[in-house]
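The file protein00.pdb contains PDB, C-alpha atoms:
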ATOM      1  CA  MET A   1      33.547 -46.074-101.453  1.00  0.00           C
ATOM      2  CA  SER A   2      34.580 -42.934-103.294  1.00  0.00           C
ATOM      3  CA  ARG A   3      37.733 -41.046-102.390  1.00  0.00           C
ATOM      4  CA  ILE A   4      37.595 -37.434-101.301  1.00  0.00           C
ATOM      5  CA  THR A   5      39.093 -35.048-103.859  1.00  0.00           C
ATOM      6  CA  PHE A   6      41.985 -32.733-103.103  1.00  0.00           C
ATOM      7  CA  GLU A   7      39.686 -29.834-103.938  1.00  0.00           C
ATOM      8  CA  GLU A   8      37.315 -30.939-101.155  1.00  0.00           C
ATOM      9  CA  ILE A   9      40.196 -31.407 -98.707  1.00  0.00           C
ATOM     10  CA  TYR A  10      41.610 -27.929 -99.261  1.00  0.00           C
ATOM     11  CA  MET A  11      38.225 -26.209 -99.320  1.00  0.00           C
ATOM     12  CA  LYS A  12      37.310 -27.886 -96.024  1.00  0.00           C
ATOM     13  CA  LEU A  13      40.652 -26.710 -94.628  1.00  0.00           C
ATOM     14  CA  ALA A  14      39.819 -23.159 -95.733  1.00  0.00           C
ATOM     15  CA  PHE A  15      36.488 -23.375 -93.875  1.00  0.00           C
ATOM     16  CA  ASP A  16      38.254 -24.707 -90.765  1.00  0.00           C
ATOM     17  CA  LEU A  17      40.744 -21.840 -90.936  1.00  0.00           C
ATOM     18  CA  ALA A  18      37.877 -19.355 -91.175  1.00  0.00           C
ATOM     19  CA  LYS A  19      36.835 -20.460 -87.677  1.00  0.00           C
ATOM     20  CA  ARG A  20      40.034 -18.778 -86.374  1.00  0.00           C
ATOM     21  CA  SER A  21      38.977 -15.410 -87.754  1.00  0.00           C
ATOM     22  CA  THR A  22      38.246 -12.690 -85.219  1.00  0.00           C
ATOM     23  CA  CYS A  23      36.383 -10.442 -87.684  1.00  0.00           C
ATOM     24  CA  ILE A  24      32.906  -9.598 -86.390  1.00  0.00           C
ATOM     25  CA  ARG A  25      31.342  -9.295 -89.871  1.00  0.00           C
ATOM     26  CA  LEU A  26      32.659 -12.198 -91.922  1.00  0.00           C
ATOM     27  CA  GLN A  27      34.965 -15.145 -91.239  1.00  0.00           C
ATOM     28  CA  VAL A  28      37.041 -16.147 -94.270  1.00  0.00           C
ATOM     29  CA  GLY A  29      39.742 -18.789 -94.725  1.00  0.00           C
ATOM     30  CA  ALA A  30      42.247 -19.369 -97.534  1.00  0.00           C
ATOM     31  CA  VAL A  31      44.756 -22.035 -98.544  1.00  0.00           C
ATOM     32  CA  VAL A  32      47.466 -21.734-101.217  1.00  0.00           C
ATOM     33  CA  VAL A  33      48.717 -25.052-102.627  1.00  0.00           C
ATOM     34  CA  SER A  34      50.961 -26.381-105.369  1.00  0.00           C
ATOM     35  CA  SER A  35      49.419 -26.993-108.778  1.00  0.00           C
ATOM     36  CA  ASP A  36      49.727 -30.764-108.254  1.00  0.00           C
ATOM     37  CA  TYR A  37      48.016 -30.486-104.824  1.00  0.00           C
ATOM     38  CA  SER A  38      50.988 -32.130-103.083  1.00  0.00           C
ATOM     39  CA  ARG A  39      52.119 -29.120-100.993  1.00  0.00           C
ATOM     40  CA  VAL A  40      50.505 -26.449 -98.894  1.00  0.00           C
ATOM     41  CA  TYR A  41      52.326 -23.155 -99.425  1.00  0.00           C
ATOM     42  CA  GLY A  42      50.313 -20.835 -97.200  1.00  0.00           C
ATOM     43  CA  LEU A  43      47.340 -20.669 -94.850  1.00  0.00           C
ATOM     44  CA  GLY A  44      45.342 -17.623 -93.870  1.00  0.00           C
ATOM     45  CA  TYR A  45      42.209 -16.247 -92.302  1.00  0.00           C
ATOM     46  CA  ASN A  46      41.015 -12.684 -91.917  1.00  0.00           C
ATOM     47  CA  GLY A  47      41.948 -10.792 -88.795  1.00  0.00           C
ATOM     48  CA  ASN A  48      44.192  -8.113 -87.376  1.00  0.00           C
ATOM     49  CA  ALA A  49      47.949  -7.984 -87.889  1.00  0.00           C
ATOM     50  CA  ALA A  50      50.161 -10.217 -85.727  1.00  0.00           C
ATOM     51  CA  GLY A  51      50.774  -8.683 -82.322  1.00  0.00           C
ATOM     52  CA  LEU A  52      47.737  -6.391 -82.475  1.00  0.00           C
ATOM     53  CA  PRO A  53      44.512  -7.075 -80.544  1.00  0.00           C
ATOM     54  CA  ASN A  54      42.515 -10.023 -81.909  1.00  0.00           C
ATOM     55  CA  LYS A  55      39.566  -7.861 -82.880  1.00  0.00           C
ATOM     56  CA  CYS A  56      38.392  -5.536 -85.614  1.00  0.00           C
ATOM     57  CA  ASP A  57      39.638  -1.928 -85.497  1.00  0.00           C
ATOM     58  CA  THR A  58      36.064  -0.638 -85.941  1.00  0.00           C
ATOM     59  CA  SER A  59      32.588  -2.106 -86.196  1.00  0.00           C
ATOM     60  CA  THR A  60      31.777  -0.077 -89.322  1.00  0.00           C
ATOM     61  CA  PRO A  61      31.122  -2.484 -92.228  1.00  0.00           C
ATOM     62  CA  GLY A  62      33.851  -2.332 -94.856  1.00  0.00           C
ATOM     63  CA  THR A  63      36.348  -0.574 -92.588  1.00  0.00           C
ATOM     64  CA  CYS A  64      37.004  -3.171 -89.903  1.00  0.00           C
ATOM     65  CA  GLY A  65      40.739  -3.082 -90.607  1.00  0.00           C
ATOM     66  CA  CYS A  66      41.155  -6.848 -90.830  1.00  0.00           C
ATOM     67  CA  LEU A  67      43.702  -8.277 -93.244  1.00  0.00           C
ATOM     68  CA  HIS A  68      41.959 -10.554 -95.718  1.00  0.00           C
ATOM     69  CA  ALA A  69      42.440 -14.321 -95.634  1.00  0.00           C
ATOM     70  CA  GLU A  70      43.914 -14.469 -99.138  1.00  0.00           C
ATOM     71  CA  ASP A  71      46.383 -11.709 -98.255  1.00  0.00           C
ATOM     72  CA  ASN A  72      47.492 -13.549 -95.110  1.00  0.00           C
ATOM     73  CA  ALA A  73      47.909 -16.822 -97.009  1.00  0.00           C
ATOM     74  CA  LEU A  74      49.856 -15.171 -99.849  1.00  0.00           C
ATOM     75  CA  LEU A  75      52.154 -13.402 -97.370  1.00  0.00           C
ATOM     76  CA  LYS A  76      53.230 -16.826 -96.100  1.00  0.00           C
ATOM     77  CA  THR A  77      53.802 -18.215 -99.599  1.00  0.00           C
ATOM     78  CA  ASN A  78      57.348 -18.256-100.980  1.00  0.00           C
ATOM     79  CA  GLY A  79      58.007 -17.847-104.664  1.00  0.00           C
ATOM     80  CA  GLY A  80      56.552 -15.590-107.278  1.00  0.00           C
ATOM     81  CA  PRO A  81      55.544 -16.292-110.846  1.00  0.00           C
ATOM     82  CA  GLU A  82      57.981 -19.194-111.153  1.00  0.00           C
ATOM     83  CA  VAL A  83      55.913 -21.222-108.643  1.00  0.00           C
ATOM     84  CA  SER A  84      52.503 -22.417-109.883  1.00  0.00           C
ATOM     85  CA  LYS A  85      49.801 -22.027-107.257  1.00  0.00           C
ATOM     86  CA  ILE A  86      46.149 -22.850-106.680  1.00  0.00           C
ATOM     87  CA  VAL A  87      44.142 -20.832-104.151  1.00  0.00           C
ATOM     88  CA  PHE A  88      41.160 -22.078-102.145  1.00  0.00           C
ATOM     89  CA  VAL A  89      39.064 -19.462-100.374  1.00  0.00           C
ATOM     90  CA  THR A  90      35.764 -19.757 -98.552  1.00  0.00           C
ATOM     91  CA  HIS A  91      34.356 -16.610-100.169  1.00  0.00           C
ATOM     92  CA  GLN A  92      34.623 -15.115-103.641  1.00  0.00           C
ATOM     93  CA  PRO A  93      37.695 -12.864-103.686  1.00  0.00           C
ATOM     94  CA  CYS A  94      37.284  -9.091-103.601  1.00  0.00           C
ATOM     95  CA  SER A  95      39.074  -6.883-106.138  1.00  0.00           C
ATOM     96  CA  TYR A  96      41.936  -6.135-103.717  1.00  0.00           C
ATOM     97  CA  CYS A  97      42.678  -9.819-103.097  1.00  0.00           C
ATOM     98  CA  ALA A  98      42.352 -10.594-106.796  1.00  0.00           C
ATOM     99  CA  LYS A  99      44.974  -7.937-107.539  1.00  0.00           C
ATOM    100  CA  ARG A 100      47.249  -9.379-104.834  1.00  0.00           C
ATOM    101  CA  MET A 101      46.979 -12.819-106.451  1.00  0.00           C
ATOM    102  CA  VAL A 102      47.790 -11.345-109.863  1.00  0.00           C
ATOM    103  CA  ASN A 103      50.816  -9.488-108.472  1.00  0.00           C
ATOM    104  CA  LYS A 104      52.077 -12.512-106.517  1.00  0.00           C
ATOM    105  CA  GLY A 105      52.270 -14.355-109.805  1.00  0.00           C
ATOM    106  CA  GLY A 106      51.985 -18.041-110.504  1.00  0.00           C
ATOM    107  CA  VAL A 107      48.340 -18.317-109.423  1.00  0.00           C
ATOM    108  CA  LYS A 108      46.728 -20.559-112.027  1.00  0.00           C
ATOM    109  CA  LYS A 109      43.342 -21.264-110.474  1.00  0.00           C
ATOM    110  CA  VAL A 110      41.139 -19.931-107.665  1.00  0.00           C
ATOM    111  CA  PHE A 111      38.396 -21.994-106.048  1.00  0.00           C
ATOM    112  CA  TYR A 112      35.771 -20.254-103.899  1.00  0.00           C
ATOM    113  CA  ALA A 113      32.620 -21.575-102.248  1.00  0.00           C
ATOM    114  CA  LEU A 114      30.453 -18.597-101.286  1.00  0.00           C
ATOM    115  CA  PRO A 115      29.546 -15.605-103.471  1.00  0.00           C
ATOM    116  CA  TYR A 116      30.407 -11.974-102.741  1.00  0.00           C
ATOM    117  CA  ARG A 117      28.048  -9.092-103.545  1.00  0.00           C
ATOM    118  CA  LEU A 118      30.497  -7.611-106.070  1.00  0.00           C
ATOM    119  CA  ARG A 119      31.988  -9.461-109.030  1.00  0.00           C
ATOM    120  CA  GLU A 120      35.064  -7.290-109.714  1.00  0.00           C
ATOM    121  CA  GLY A 121      37.478  -9.773-108.119  1.00  0.00           C
ATOM    122  CA  VAL A 122      36.414 -12.585-110.425  1.00  0.00           C
ATOM    123  CA  ASP A 123      36.541 -10.252-113.425  1.00  0.00           C
ATOM    124  CA  ILE A 124      40.110  -9.207-112.568  1.00  0.00           C
ATOM    125  CA  LEU A 125      41.272 -12.793-112.143  1.00  0.00           C
ATOM    126  CA  GLU A 126      39.653 -13.976-115.361  1.00  0.00           C
ATOM    127  CA  SER A 127      40.931 -10.978-117.349  1.00  0.00           C
ATOM    128  CA  THR A 128      44.493 -11.950-116.406  1.00  0.00           C
ATOM    129  CA  GLY A 129      44.081 -15.603-117.384  1.00  0.00           C
ATOM    130  CA  ILE A 130      43.482 -17.034-113.906  1.00  0.00           C
ATOM    131  CA  GLU A 131      40.747 -19.676-113.907  1.00  0.00           C
ATOM    132  CA  VAL A 132      38.013 -19.122-111.305  1.00  0.00           C
ATOM    133  CA  VAL A 133      35.816 -21.979-110.076  1.00  0.00           C
ATOM    134  CA  ASN A 134      32.748 -21.673-107.844  1.00  0.00           C
ATOM    135  CA  PHE A 135      33.180 -24.853-105.815  1.00  0.00           C
ATOM    136  CA  SER A 136      30.501 -26.102-103.456  1.00  0.00           C
ATOM    137  CA  LEU A 137      31.174 -28.623-100.741  1.00  0.00           C
ATOM    138  CA  PRO A 138      28.681 -31.374 -99.997  1.00  0.00           C
ATOM    139  CA  SER A 139      26.281 -30.623 -97.156  1.00  0.00           C
ATOM    140  CA  LYS A 140      27.089 -31.838 -93.652  1.00  0.00           C
ATOM    141  CA  ASP A 141      24.461 -34.573 -94.016  1.00  0.00           C
ATOM    142  CA  GLU A 142      26.074 -35.775 -97.255  1.00  0.00           C
ATOM    143  CA  LEU A 143      29.522 -35.722 -95.646  1.00  0.00           C
ATOM    144  CA  TYR A 144      28.332 -37.838 -92.703  1.00  0.00           C
ATOM    145  CA  GLN A 145      26.564 -40.225 -95.065  1.00  0.00           C
ATOM    146  CA  GLU A 146      29.817 -40.637 -97.049  1.00  0.00           C
ATOM    147  CA  LEU A 147      31.541 -41.639 -93.792  1.00  0.00           C
ATOM    148  CA  GLY A 148      28.841 -44.208 -93.046  1.00  0.00           C
ATOM    149  CA  HIS A 149      27.239 -42.355 -90.129  1.00  0.00           C
TER     150      HIS A 149
END

The structure in this file should be written as structure tokens.
Amino acid sequence: MSRITFEEIYMKLAFDLAKRSTCIRLQVGAVVVSSDYSRVYGLGYNGNAAGLPNKCDTSTPGTCGCLHAEDNALLKTNGGPEVSKIVFVTHQPCSYCAKRMVNKGGVKKVFYALPYRLREGVDILESTGIEVVNFSLPSKDELYQELGH
């Protein structure tokens, strides 16, 4: 029996968090962890600000007003560049979220599972020395087979 990797654990957690999203266009989840995978620093999913209605501000694509999952997870993360971090996100980061990760400091690696139509976020991360990994989870059938179902 093979052991599940920490990368799989945290990516699955990001996908579970995405299910809490109230965005009508795209549900995204993010997890920020320590570089040794032993601590979760922040969790996030896209949606409206705390205390506001749990819905998008508009239905116009690109202007829904939802805070991004990475932004929400980073807001909950203590420590700046002195704290090494790894980010797991269900979707490839946009340029705004990439810039937030750069400014937060300490982000060493970003894992994402699903592509985004624009590549600027990845380019920004890579140009600042942050490693970016397109990480695919096993299919549901493979996961059940691993559990002996």

Between A:Ala30, A:Val107, A:Val122, A:Val102, smallest distance to Ala73 in chain A by all atoms listed in the file belongs to A:Ala30

Using the chain letters and numbering of this document, enumerate as a ChimeraX atom specification the residues selected by the PyMOL selection byres ((chain A and resi 110) around 9).
-> /A:85-89,93,107-109,111-112,125,130-134

Tell me, as number ranges by chain, which residues lie within 10 Å of Gly47 in chain A, counting all atoms listed in the file; anything in the same chain fewer than 3 positions away does not count.
-> A: 18, 20-24, 26-28, 44, 50, 52-57, 64-69, 72

Do you know which residues the PyMOL selection byres ((chain A and resi 35) around 7) returns on this file, as a JSON list (two decimals) with C-alpha atoms, keeping the file's coordinate frame?
[["chain", "number", "residue", "atom", "x", "y", "z"],
["A", 33, "VAL", "CA", 48.72, -25.05, -102.63],
["A", 34, "SER", "CA", 50.96, -26.38, -105.37],
["A", 36, "ASP", "CA", 49.73, -30.76, -108.25],
["A", 37, "TYR", "CA", 48.02, -30.49, -104.82],
["A", 84, "SER", "CA", 52.50, -22.42, -109.88],
["A", 85, "LYS", "CA", 49.80, -22.03, -107.26],
["A", 86, "ILE", "CA", 46.15, -22.85, -106.68]]

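The gap separating CA of Ala14 in chain A from CA of Ser2 in chain A is 21.8 Å, in Å to one decimal.
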
Result set of the PyMOL selection byres ((chain A and resi 120) around 10) on the coordinates above, as a PyMOL selection string = chain A and resi 92-96+98+116-119+121-126

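The smallest atom-to-atom distance between Met11 in chain A and any of A:Asn103, A:His91, A:Gly42, A:Glu82, using all atoms listed in the file, is found for A:His91.
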
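As for CA of Asn46 in chain A and CA of Gly29 in chain A, they are spaced 6.8 Å apart.
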
Which of these, A:Thr63, A:Cys97, A:Lys104, A:Val31, has the shortest distance to Lys12 in chain A once you count all atoms listed in the file?
-> A:Val31

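The space separating CA of Ser127 in chain A from CA of Glu8 in chain A comes to 26.0 Å.
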
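Distance annotation: of A:Ala113, A:Ile4, A:Leu74, A:Met101, the residue with the minimal separation from Leu43 in chain A is A:Leu74; atom set is only C-alpha atoms.
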
Just need the box for range 48-59 of chain A, edges along x, y and z, holding every atom the file lists for it with 5 Å tacked onto each side, so centre and edge lengths in Å to one decimal, as AutoDock Vina command-line options.
--center_x 41.7 --center_y -5.4 --center_z -84.2 --size_x 28.2 --size_y 19.6 --size_z 17.3
